[in-house]
Structure formats: C-alpha cells, structure tokens
file final-v3.cif (mmCIF, C-alpha atoms)
data_query
loop_
_atom_site.label_atom_id
_atom_site.label_comp_id
_atom_site.auth_asym_id
_atom_site.auth_seq_id
_atom_site.Cartn_x
_atom_site.Cartn_y
_atom_site.Cartn_z
CA THR Y 248 6.51 139.94 89.36
CA GLY Y 249 8.89 138.56 86.77
CA GLY Y 250 9.93 142.16 86.17
CA GLY Y 251 13.57 141.48 85.39
CA GLN Y 252 13.20 140.92 81.66
CA GLY Y 253 10.86 140.69 78.69
CA ILE Y 254 7.25 141.79 79.10
CA GLY Y 255 7.63 142.37 82.84
CA LEU Y 256 10.51 144.79 82.39
CA ALA Y 257 8.70 146.60 79.56
CA ILE Y 258 5.65 147.08 81.80
CA ALA Y 259 7.83 148.30 84.66
CA ARG Y 260 9.51 150.81 82.36
CA ALA Y 261 6.14 152.01 81.05
CA PHE Y 262 4.98 152.68 84.61
CA ALA Y 263 8.28 154.36 85.42
CA ASP Y 264 7.65 156.76 82.52
CA GLU Y 265 4.44 157.76 84.32
CA GLY Y 266 6.28 158.50 87.56
CA ALA Y 267 5.62 155.28 89.44
CA SER Y 268 7.95 153.89 92.08
CA ILE Y 269 8.77 150.34 91.01
CA ILE Y 270 9.46 147.10 92.86
CA LEU Y 271 10.94 144.46 90.56
CA ALA Y 272 10.14 141.09 92.13
CA ASP Y 273 12.02 138.42 90.22
CA ILE Y 274 13.79 135.12 90.79
CA ASP Y 275 16.83 136.80 89.23
CA PRO Y 276 16.47 140.63 89.18
CA LYS Y 277 19.41 141.51 86.97
CA GLN Y 278 21.23 144.73 87.77
CA GLU Y 279 20.95 145.96 84.18
CA ALA Y 280 17.16 145.83 84.45
CA VAL Y 281 17.28 147.92 87.61
CA GLU Y 282 19.67 150.41 86.05
CA SER Y 283 17.52 150.77 82.93
CA ILE Y 284 14.61 151.93 85.09
CA ARG Y 285 16.79 154.10 87.28
CA ALA Y 286 18.07 155.81 84.13
CA GLN Y 287 14.49 156.95 83.51
CA GLY Y 288 14.66 158.91 86.76
CA ALA Y 289 12.34 156.52 88.59
CA GLU Y 290 12.66 155.07 92.06
CA VAL Y 291 13.21 151.31 91.77
CA THR Y 292 13.85 148.49 94.22
CA ALA Y 293 14.83 144.95 93.21
CA ARG Y 294 13.67 142.01 95.31
CA LYS Y 295 14.88 138.47 94.71
CA VAL Y 296 11.70 136.47 95.21
CA ASP Y 297 10.42 133.03 94.28
CA VAL Y 298 6.71 133.80 94.09
CA THR Y 299 5.81 130.11 94.28
CA ASP Y 300 7.08 130.17 97.88
CA GLU Y 301 4.30 131.47 100.14
CA ASN Y 302 6.68 132.64 102.85
CA GLN Y 303 8.71 134.67 100.35
CA VAL Y 304 5.52 136.28 99.03
CA LEU Y 305 4.46 137.18 102.57
CA ASP Y 306 7.86 138.72 103.20
CA LEU Y 307 7.69 140.69 99.94
CA PHE Y 308 4.34 142.29 100.72
CA SER Y 309 5.12 142.92 104.38
CA GLY Y 310 7.80 145.35 103.24
CA ILE Y 311 5.51 147.44 101.02
CA PRO Y 312 4.08 150.45 102.88
CA LYS Y 313 1.75 151.60 100.09
CA LEU Y 314 0.65 149.60 97.06
CA ASP Y 315 -1.30 151.07 94.14
CA ILE Y 316 -0.68 148.54 91.37
CA LEU Y 317 0.17 144.84 91.24
CA VAL Y 318 1.22 143.23 87.96
CA ASN Y 319 1.22 139.43 88.04
CA ASN Y 320 3.54 138.83 85.12
CA VAL Y 321 5.79 135.96 86.16
CA GLY Y 322 5.31 132.85 84.06
CA THR Y 323 6.79 129.78 82.44
CA TYR Y 324 5.90 128.11 79.16
CA GLY Y 325 5.70 124.71 80.81
CA PRO Y 326 6.12 121.31 79.13
CA VAL Y 327 5.73 121.19 75.34
CA LYS Y 328 4.12 117.79 74.86
CA LYS Y 329 0.74 116.15 74.40
CA ILE Y 330 -1.52 115.62 77.41
CA VAL Y 331 -1.14 111.85 76.99
CA ASP Y 332 2.59 112.26 77.65
CA MET Y 333 2.27 114.79 80.48
CA ASP Y 334 4.51 114.52 83.52
CA ARG Y 335 2.69 115.29 86.78
CA ALA Y 336 5.61 117.14 88.34
CA ALA Y 337 5.98 119.43 85.31
CA TRP Y 338 2.22 120.07 85.34
CA ASP Y 339 2.25 120.99 89.04
CA ARG Y 340 5.31 123.22 88.63
CA THR Y 341 3.71 125.15 85.76
CA PHE Y 342 0.55 125.75 87.79
CA ALA Y 343 2.62 126.88 90.77
CA ILE Y 344 4.47 129.48 88.70
CA ASN Y 345 1.68 130.67 86.40
CA LEU Y 346 -1.37 130.52 88.64
CA THR Y 347 -0.75 129.85 92.33
CA SER Y 348 1.84 132.64 92.47
CA ALA Y 349 -0.78 135.07 91.13
CA MET Y 350 -3.30 133.94 93.75
CA LEU Y 351 -0.77 134.43 96.54
CA CYS Y 352 0.23 137.89 95.31
CA CYS Y 353 -3.39 138.92 94.73
CA ARG Y 354 -4.34 137.77 98.23
CA GLU Y 355 -1.66 139.88 99.89
CA ALA Y 356 -2.14 142.86 97.58
CA VAL Y 357 -5.87 143.00 98.27
CA LYS Y 358 -5.18 143.19 102.01
CA LEU Y 359 -3.04 146.29 101.47
CA MET Y 360 -5.34 147.85 98.88
CA SER Y 361 -8.57 147.23 100.81
CA ALA Y 362 -7.29 149.25 103.75
CA ARG Y 363 -6.93 152.26 101.43
CA ARG Y 364 -10.04 151.38 99.38
CA SER Y 365 -8.10 151.79 96.17
CA GLY Y 366 -5.96 149.63 93.92
CA ASN Y 367 -5.36 148.04 90.57
CA ILE Y 368 -4.38 144.46 89.73
CA LEU Y 369 -3.25 143.34 86.28
CA ASN Y 370 -2.85 139.67 85.43
CA ILE Y 371 -0.79 138.82 82.36
CA ALA Y 372 -2.48 135.88 80.67
CA SER Y 373 -2.19 134.97 76.96
CA ASN Y 374 -4.27 134.83 73.80
CA VAL Y 375 -4.43 131.06 74.39
CA ALA Y 376 -6.58 131.81 77.43
CA ARG Y 377 -9.49 131.63 74.98
CA ARG Y 378 -8.49 128.69 72.79
CA GLY Y 379 -6.57 125.45 72.80
CA LEU Y 380 -3.03 124.96 71.49
CA PRO Y 381 -1.57 121.53 70.70
CA TYR Y 382 1.39 120.45 72.86
CA ARG Y 383 0.69 123.26 75.36
CA GLY Y 384 -2.19 121.88 77.41
CA CYS Y 385 -0.54 122.71 80.73
CA TYR Y 386 0.28 126.33 79.83
CA VAL Y 387 -3.13 126.84 78.21
CA ALA Y 388 -4.94 125.51 81.29
CA THR Y 389 -3.12 127.95 83.58
CA LYS Y 390 -4.03 130.89 81.35
CA TRP Y 391 -7.71 129.94 81.13
CA ALA Y 392 -7.67 129.66 84.92
CA MET Y 393 -6.08 133.10 85.17
CA LEU Y 394 -9.20 134.58 83.57
CA GLY Y 395 -11.40 132.87 86.14
CA LEU Y 396 -9.23 134.26 88.92
CA THR Y 397 -9.39 137.73 87.36
CA GLN Y 398 -13.16 137.80 86.98
CA THR Y 399 -13.86 136.38 90.43
CA LEU Y 400 -11.45 138.69 92.21
CA ALA Y 401 -12.90 141.67 90.35
CA LEU Y 402 -16.36 140.86 91.75
CA GLU Y 403 -15.03 140.28 95.26
CA THR Y 404 -13.06 143.54 95.45
CA ALA Y 405 -15.20 146.04 93.53
CA GLU Y 406 -16.75 147.34 96.75
CA CYS Y 407 -13.25 148.38 97.86
CA ASN Y 408 -12.66 150.28 94.60
CA ILE Y 409 -10.08 147.74 93.48
CA ARG Y 410 -10.05 146.95 89.78
CA VAL Y 411 -8.76 143.64 88.39
CA ASN Y 412 -8.14 143.07 84.68
CA ALA Y 413 -6.15 140.72 82.47
CA ILE Y 414 -4.00 141.28 79.39
CA LEU Y 415 -3.91 138.52 76.75
CA PRO Y 416 -0.90 139.11 74.48
CA GLY Y 417 -0.12 137.07 71.42
CA PRO Y 418 3.52 136.12 70.71
CA VAL Y 419 6.01 138.70 71.99
CA PRO Y 420 9.68 138.41 70.90
CA THR Y 421 11.56 137.68 74.13
CA PRO Y 422 14.11 135.04 75.20
CA HIS Y 423 11.13 133.15 76.65
CA LEU Y 424 9.48 132.98 73.22
CA ASP Y 425 12.72 131.91 71.52
CA GLU Y 426 13.00 128.95 73.88
CA VAL Y 427 9.42 127.78 73.45
CA MET Y 428 9.57 128.05 69.64
CA LYS Y 429 12.64 125.78 69.65
CA LEU Y 430 10.69 123.19 71.67
CA HIS Y 431 7.72 123.45 69.30
CA ALA Y 432 10.06 122.98 66.35
CA GLU Y 433 11.34 119.73 67.88
CA VAL Y 434 7.91 118.19 68.50
CA GLU Y 435 6.43 119.43 65.20
CA GLY Y 436 9.38 118.39 63.04
CA LYS Y 437 9.99 121.92 61.77
CA SER Y 438 12.72 124.51 61.98
CA THR Y 439 12.45 127.28 64.56
CA ALA Y 440 12.16 129.76 61.69
CA GLU Y 441 9.17 127.84 60.28
CA VAL Y 442 7.43 127.86 63.67
CA ALA Y 443 8.06 131.60 64.01
CA GLU Y 444 6.61 132.22 60.56
CA ASP Y 445 3.56 130.07 61.31
CA TRP Y 446 2.88 132.05 64.46
CA ARG Y 447 3.45 135.38 62.75
CA LEU Y 448 1.02 134.54 59.94
CA SER Y 449 -1.62 133.29 62.40
CA ALA Y 450 -1.77 136.74 64.03
CA PRO Y 451 -4.47 139.06 62.62
CA MET Y 452 -1.93 141.82 61.94
CA LYS Y 453 0.68 139.33 60.67
CA ARG Y 454 3.35 140.41 63.12
CA PHE Y 455 4.62 139.79 66.62
CA ILE Y 456 3.75 142.18 69.45
CA GLN Y 457 6.53 144.29 70.94
CA PRO Y 458 6.98 144.25 74.75
CA GLU Y 459 6.53 148.04 74.82
CA GLU Y 460 3.07 147.67 73.30
CA VAL Y 461 2.01 145.45 76.18
CA GLY Y 462 3.41 148.10 78.54
CA LYS Y 463 1.15 150.74 77.02
CA VAL Y 464 -1.93 148.58 77.54
CA ALA Y 465 -0.91 148.01 81.15
CA VAL Y 466 -0.62 151.76 81.75
CA PHE Y 467 -4.07 152.28 80.22
CA LEU Y 468 -5.66 149.61 82.43
CA ALA Y 469 -4.04 151.03 85.57
CA SER Y 470 -5.02 154.60 84.76
CA ASP Y 471 -8.21 156.62 85.16
CA LEU Y 472 -8.74 156.27 81.40
CA SER Y 473 -10.15 152.81 82.18
CA SER Y 474 -11.84 153.75 85.46
CA ALA Y 475 -15.04 151.78 84.70
CA MET Y 476 -13.29 148.59 83.60
CA THR Y 477 -12.91 145.59 85.90
CA GLY Y 478 -13.00 141.85 85.34
CA GLN Y 479 -12.09 142.39 81.70
CA SER Y 480 -9.67 140.50 79.47
#
call {"tool": "encode", "arguments": {"input": "final-v3.cif", "output": "structure tokens"}}
result
Amino acid sequence: TGGGQGIGLAIARAFADEGASIILADIDPKQEAVESIRAQGAEVTARKVDVTDENQVLDLFSGIPKLDILVNNVGTYGPVKKIVDMDRAAWDRTFAINLTSAMLCCREAVKLMSARRSGNILNIASNVARRGLPYRGCYVATKWAMLGLTQTLALETAECNIRVNAILPGPVPTPHLDEVMKLHAEVEGKSTAEVAEDWRLSAPMKRFIQPEEVGKVAVFLASDLSSAMTGQS
C-alpha cells in the first residue's frame, strides 16, 4: 500500500529484483512508478485504492488469487501541532490512514494467507514508535499503535505459519519528509534547512536513510533468512 512513491516504491522495486509479482495499491499510482518496476522485468499491476475505505480494501483483496507478502506502507504525517491545539477531525483522519488501513489490510490478507498456511506481513512504522516527538502526537500515537497491532497479530497467526514484523525507519528523504520538515520549521521558528540538520545530527550515523535501504530490510524480513522472526520491530 502507498507503493506509488517514496519508501513504498523502493520496497516494491526491491521485491521486484527478487522476482516477485507486484501489486501497487495507491491513492494515485503514477504510471512512471509502474513503468520503473516493469523495466526491471517484473510483473506489476497498479490499483487505485483508498485503503481507509473498507469496501475498496475488500475489493482489492478479492481480486488477489495468491498472496505471499503484504506491506502496509501507506501513511500520512498528520497535523504538526501540540496536543492542546489538536483538531479532532485531523486526529481521526491520521488514525484512519496510518492505523485503521493497516488493520483492514491485515484482516483480509490473513484470510488469504491462512488458507495456504503461509505468509508474511510487514508494517512500516517509524523510529518514533518508541519515543515521543513534540508537535507530532497524532503521528507518534499511530506508530506506537502499529507495534501493538504487529505483536498481537504475530501471536494470533503464528500457528498458520504467518510472520508479522515491523520496520521503524528514521528520516528518509522523500517528498513526504520535505513537506513535514517545512511544517516543523514553521512551528519551531527555524528554517527548513535547520530542521533537516537537526534531524540529521540526531541520527546515530549522522545521516538520513535512503529508501533503497528500507527496501533491503523488507526483503530480509520477507525471506527465509529471517524465518524465525515474528512480532519484531
């Protein structure tokens, strides 16, 4: 999900390199994203889907004859403001995109995977799933909740040989990150460049993560190299 750009597209391309057939489920699956995967020699289908709409999710999964891997990647950064100033509608919308969509997709994927007693689910969370972050309470809450969903689903599906893990990236340079850094700059009274430098220096390796690096971790977690790992973050 959210496979049309950024981290989602990088993960899709990493799986395509391993010979997977890809379904890009995105609110706006751009043709250039599809063509970039097709150029790798992989089979790819684009589906225009709003994964916050339960009926659209049901329709998406009803058209999948065989499912090995689900990547719940779609997400939004949500409102950039203090909790005391939080708008209920923005809060609800962020949870719908970041968390409820993952539950809906997991629910339908498990039905398909359980029948074959095999499958792999990856939930893309964030490094703020283990800490707070000022002005991002809504986003942070959804990512903490994603870990609870991951661990619980892993326990519920282990008997069907389904593995469920989460990836917690730090900042990844994408259009999504550019937008949220601009919003942070406004509320913090800094330039976007200053926010970017603050975030870079706060990372242990003093750099941003490339989308392709997240793709490699996703391949590892979906492969037999991690065959004993489930419920991990």
call {"tool": "resolve_selection", "arguments": {"input": "final-v3.cif", "expression": "the PyMOL selection byres ((chain Y and resi 294) around 12)", "output": "PyMOL selection string"}}
result
chain Y and resi 248-251+269-278+281+291-293+295-298+303-304+306-308+310-311
call {"tool": "resolve_selection", "arguments": {"input": "final-v3.cif", "expression": "the PyMOL selection byres ((chain Y and resi 373-375) around 10)", "output": "ChimeraX atom specification"}}
result
/Y:370-372,376-380,383-384,386-391,393-394,413-418,480
call {"tool": "resolve_selection", "arguments": {"input": "final-v3.cif", "expression": "the PyMOL selection byres ((chain Y and resi 313) around 12)", "output": "PDB file with C-alpha atoms, in the frame of the given file"}}
result
ATOM      1  CA  ALA Y 267       5.620 155.280  89.440  1.00  0.00           C
ATOM      2  CA  SER Y 268       7.950 153.890  92.080  1.00  0.00           C
ATOM      3  CA  ILE Y 269       8.770 150.340  91.010  1.00  0.00           C
ATOM      4  CA  ILE Y 270       9.460 147.100  92.860  1.00  0.00           C
ATOM      5  CA  PHE Y 308       4.340 142.290 100.720  1.00  0.00           C
ATOM      6  CA  SER Y 309       5.120 142.920 104.380  1.00  0.00           C
ATOM      7  CA  GLY Y 310       7.800 145.350 103.240  1.00  0.00           C
ATOM      8  CA  ILE Y 311       5.510 147.440 101.020  1.00  0.00           C
ATOM      9  CA  PRO Y 312       4.080 150.450 102.880  1.00  0.00           C
ATOM     10  CA  LEU Y 314       0.650 149.600  97.060  1.00  0.00           C
ATOM     11  CA  ASP Y 315      -1.300 151.070  94.140  1.00  0.00           C
ATOM     12  CA  ILE Y 316      -0.680 148.540  91.370  1.00  0.00           C
ATOM     13  CA  LEU Y 317       0.170 144.840  91.240  1.00  0.00           C
ATOM     14  CA  ALA Y 356      -2.140 142.860  97.580  1.00  0.00           C
ATOM     15  CA  VAL Y 357      -5.870 143.000  98.270  1.00  0.00           C
ATOM     16  CA  LYS Y 358      -5.180 143.190 102.010  1.00  0.00           C
ATOM     17  CA  LEU Y 359      -3.040 146.290 101.470  1.00  0.00           C
ATOM     18  CA  MET Y 360      -5.340 147.850  98.880  1.00  0.00           C
ATOM     19  CA  SER Y 361      -8.570 147.230 100.810  1.00  0.00           C
ATOM     20  CA  ALA Y 362      -7.290 149.250 103.750  1.00  0.00           C
ATOM     21  CA  ARG Y 363      -6.930 152.260 101.430  1.00  0.00           C
ATOM     22  CA  ARG Y 364     -10.040 151.380  99.380  1.00  0.00           C
ATOM     23  CA  SER Y 365      -8.100 151.790  96.170  1.00  0.00           C
ATOM     24  CA  GLY Y 366      -5.960 149.630  93.920  1.00  0.00           C
TER      25      GLY Y 366
END
call {"tool": "atom_distance", "arguments": {"input": "final-v3.cif", "atom1": "atom CA of Y:Gly253", "atom2": "atom CA of Y:Val466"}}
result
16.2 Å
call {"tool": "atom_distance", "arguments": {"input": "final-v3.cif", "atom1": "atom CA of Y:Cys385", "atom2": "atom CA of Y:Trp338"}}
result
6.0 Å
call {"tool": "residues_around", "arguments": {"input": "final-v3.cif", "residues": "Y:Ile284", "least_positions_apart": "5", "cutoff": "9 Å", "atoms": "only C-alpha atoms", "output": "PyMOL selection string"}}
result
chain Y and resi 256+259-260+263-264+269+279+289-291
call {"tool": "write_last_selection", "arguments": {"input": "final-v3.cif", "atoms": "C-alpha atoms", "output": "JSON list (two decimals), keeping the file's coordinate frame"}}
result
[["chain", "number", "residue", "atom", "x", "y", "z"],
["Y", 256, "LEU", "CA", 10.51, 144.79, 82.39],
["Y", 259, "ALA", "CA", 7.83, 148.30, 84.66],
["Y", 260, "ARG", "CA", 9.51, 150.81, 82.36],
["Y", 263, "ALA", "CA", 8.28, 154.36, 85.42],
["Y", 264, "ASP", "CA", 7.65, 156.76, 82.52],
["Y", 269, "ILE", "CA", 8.77, 150.34, 91.01],
["Y", 279, "GLU", "CA", 20.95, 145.96, 84.18],
["Y", 289, "ALA", "CA", 12.34, 156.52, 88.59],
["Y", 290, "GLU", "CA", 12.66, 155.07, 92.06],
["Y", 291, "VAL", "CA", 13.21, 151.31, 91.77]]
call {"tool": "atom_distance", "arguments": {"input": "final-v3.cif", "atom1": "atom CA of Y:Pro326", "atom2": "atom CA of Y:Cys353"}}
result
25.4 Å
call {"tool": "closest_residue", "arguments": {"input": "final-v3.cif", "among": "Y:Val419, Y:Val331, Y:Val427, Y:Leu448", "to": "Y:Ile254", "atoms": "all atoms listed in the file"}}
result
Y:Val419
call {"tool": "closest_residue", "arguments": {"input": "final-v3.cif", "among": "Y:Glu433, Y:Leu468, Y:Gln398, Y:His423", "to": "Y:Val327", "atoms": "only C-alpha atoms"}}
result
Y:Glu433
call {"tool": "closest_residue", "arguments": {"input": "final-v3.cif", "among": "Y:Leu305, Y:Val321, Y:Leu472, Y:Ala336", "to": "Y:Leu351", "atoms": "all atoms listed in the file"}}
result
Y:Leu305
call {"tool": "closest_residue", "arguments": {"input": "final-v3.cif", "among": "Y:Gly478, Y:Gly395, Y:Gly436, Y:Gly322", "to": "Y:Gln252", "atoms": "all atoms listed in the file"}}
result
Y:Gly322
call {"tool": "closest_residue", "arguments": {"input": "final-v3.cif", "among": "Y:Ala343, Y:Ile368, Y:Ser470, Y:Val464", "to": "Y:Asp300", "atoms": "all atoms listed in the file"}}
result
Y:Ala343
call {"tool": "closest_residue", "arguments": {"input": "final-v3.cif", "among": "Y:Phe342, Y:Asn412, Y:Tyr324, Y:Ala401", "to": "Y:Met428", "atoms": "all atoms listed in the file"}}
result
Y:Tyr324
call {"tool": "build_atoms", "arguments": {"input": "final-v3.cif", "residues": "stretch 329-354 of chain Y", "atoms": "N, CA and C atoms", "output": "mmCIF file, in the frame of the given file"}}
result
data_model
loop_
_atom_site.group_PDB
_atom_site.id
_atom_site.type_symbol
_atom_site.label_atom_id
_atom_site.label_comp_id
_atom_site.auth_asym_id
_atom_site.auth_seq_id
_atom_site.Cartn_x
_atom_site.Cartn_y
_atom_site.Cartn_z
ATOM 1 N N LYS Y 329 2.160 116.476 74.362
ATOM 2 C CA LYS Y 329 0.740 116.150 74.400
ATOM 3 C C LYS Y 329 0.312 115.781 75.822
ATOM 4 N N ILE Y 330 -0.976 115.963 76.090
ATOM 5 C CA ILE Y 330 -1.520 115.620 77.410
ATOM 6 C C ILE Y 330 -1.243 114.147 77.737
ATOM 7 N N VAL Y 331 -1.336 113.280 76.741
ATOM 8 C CA VAL Y 331 -1.140 111.850 76.990
ATOM 9 C C VAL Y 331 0.268 111.548 77.475
ATOM 10 N N ASP Y 332 1.208 112.453 77.215
ATOM 11 C CA ASP Y 332 2.590 112.260 77.650
ATOM 12 C C ASP Y 332 2.973 113.157 78.826
ATOM 13 N N MET Y 333 1.990 113.783 79.462
ATOM 14 C CA MET Y 333 2.270 114.790 80.480
ATOM 15 C C MET Y 333 2.863 114.196 81.744
ATOM 16 N N ASP Y 334 3.868 114.874 82.252
ATOM 17 C CA ASP Y 334 4.510 114.520 83.520
ATOM 18 C C ASP Y 334 3.855 115.310 84.640
ATOM 19 N N ARG Y 335 3.423 114.637 85.693
ATOM 20 C CA ARG Y 335 2.690 115.290 86.780
ATOM 21 C C ARG Y 335 3.517 116.387 87.443
ATOM 22 N N ALA Y 336 4.780 116.150 87.666
ATOM 23 C CA ALA Y 336 5.610 117.140 88.340
ATOM 24 C C ALA Y 336 5.736 118.415 87.506
ATOM 25 N N ALA Y 337 5.894 118.260 86.193
ATOM 26 C CA ALA Y 337 5.980 119.430 85.310
ATOM 27 C C ALA Y 337 4.663 120.190 85.289
ATOM 28 N N TRP Y 338 3.554 119.456 85.294
ATOM 29 C CA TRP Y 338 2.220 120.070 85.340
ATOM 30 C C TRP Y 338 2.071 120.898 86.620
ATOM 31 N N ASP Y 339 2.394 120.298 87.754
ATOM 32 C CA ASP Y 339 2.250 120.990 89.040
ATOM 33 C C ASP Y 339 3.159 122.218 89.110
ATOM 34 N N ARG Y 340 4.370 122.098 88.593
ATOM 35 C CA ARG Y 340 5.310 123.220 88.630
ATOM 36 C C ARG Y 340 4.806 124.384 87.785
ATOM 37 N N THR Y 341 4.241 124.081 86.624
ATOM 38 C CA THR Y 341 3.710 125.150 85.760
ATOM 39 C C THR Y 341 2.549 125.863 86.432
ATOM 40 N N PHE Y 342 1.670 125.124 87.073
ATOM 41 C CA PHE Y 342 0.550 125.750 87.790
ATOM 42 C C PHE Y 342 1.051 126.591 88.960
ATOM 43 N N ALA Y 343 2.077 126.120 89.641
ATOM 44 C CA ALA Y 343 2.620 126.880 90.770
ATOM 45 C C ALA Y 343 3.153 128.234 90.314
ATOM 46 N N ILE Y 344 3.870 128.235 89.195
ATOM 47 C CA ILE Y 344 4.470 129.480 88.700
ATOM 48 C C ILE Y 344 3.424 130.393 88.068
ATOM 49 N N ASN Y 345 2.583 129.836 87.204
ATOM 50 C CA ASN Y 345 1.680 130.670 86.400
ATOM 51 C C ASN Y 345 0.406 131.068 87.112
ATOM 52 N N LEU Y 346 -0.057 130.255 88.047
ATOM 53 C CA LEU Y 346 -1.370 130.520 88.640
ATOM 54 C C LEU Y 346 -1.335 130.702 90.155
ATOM 55 N N THR Y 347 -0.745 129.745 90.871
ATOM 56 C CA THR Y 347 -0.750 129.850 92.330
ATOM 57 C C THR Y 347 0.009 131.089 92.793
ATOM 58 N N SER Y 348 1.095 131.430 92.106
ATOM 59 C CA SER Y 348 1.840 132.640 92.470
ATOM 60 C C SER Y 348 0.957 133.873 92.365
ATOM 61 N N ALA Y 349 0.122 133.922 91.322
ATOM 62 C CA ALA Y 349 -0.780 135.070 91.130
ATOM 63 C C ALA Y 349 -1.813 135.132 92.253
ATOM 64 N N MET Y 350 -2.346 133.955 92.646
ATOM 65 C CA MET Y 350 -3.300 133.940 93.750
ATOM 66 C C MET Y 350 -2.663 134.459 95.031
ATOM 67 N N LEU Y 351 -1.439 133.994 95.322
ATOM 68 C CA LEU Y 351 -0.770 134.430 96.540
ATOM 69 C C LEU Y 351 -0.520 135.936 96.529
ATOM 70 N N CYS Y 352 -0.052 136.445 95.400
ATOM 71 C CA CYS Y 352 0.230 137.890 95.310
ATOM 72 C C CYS Y 352 -1.059 138.699 95.354
ATOM 73 N N CYS Y 353 -2.099 138.227 94.680
ATOM 74 C CA CYS Y 353 -3.390 138.920 94.730
ATOM 75 C C CYS Y 353 -3.920 138.974 96.164
ATOM 76 N N ARG Y 354 -3.832 137.853 96.848
ATOM 77 C CA ARG Y 354 -4.340 137.770 98.230
ATOM 78 C C ARG Y 354 -3.680 138.826 99.115
#
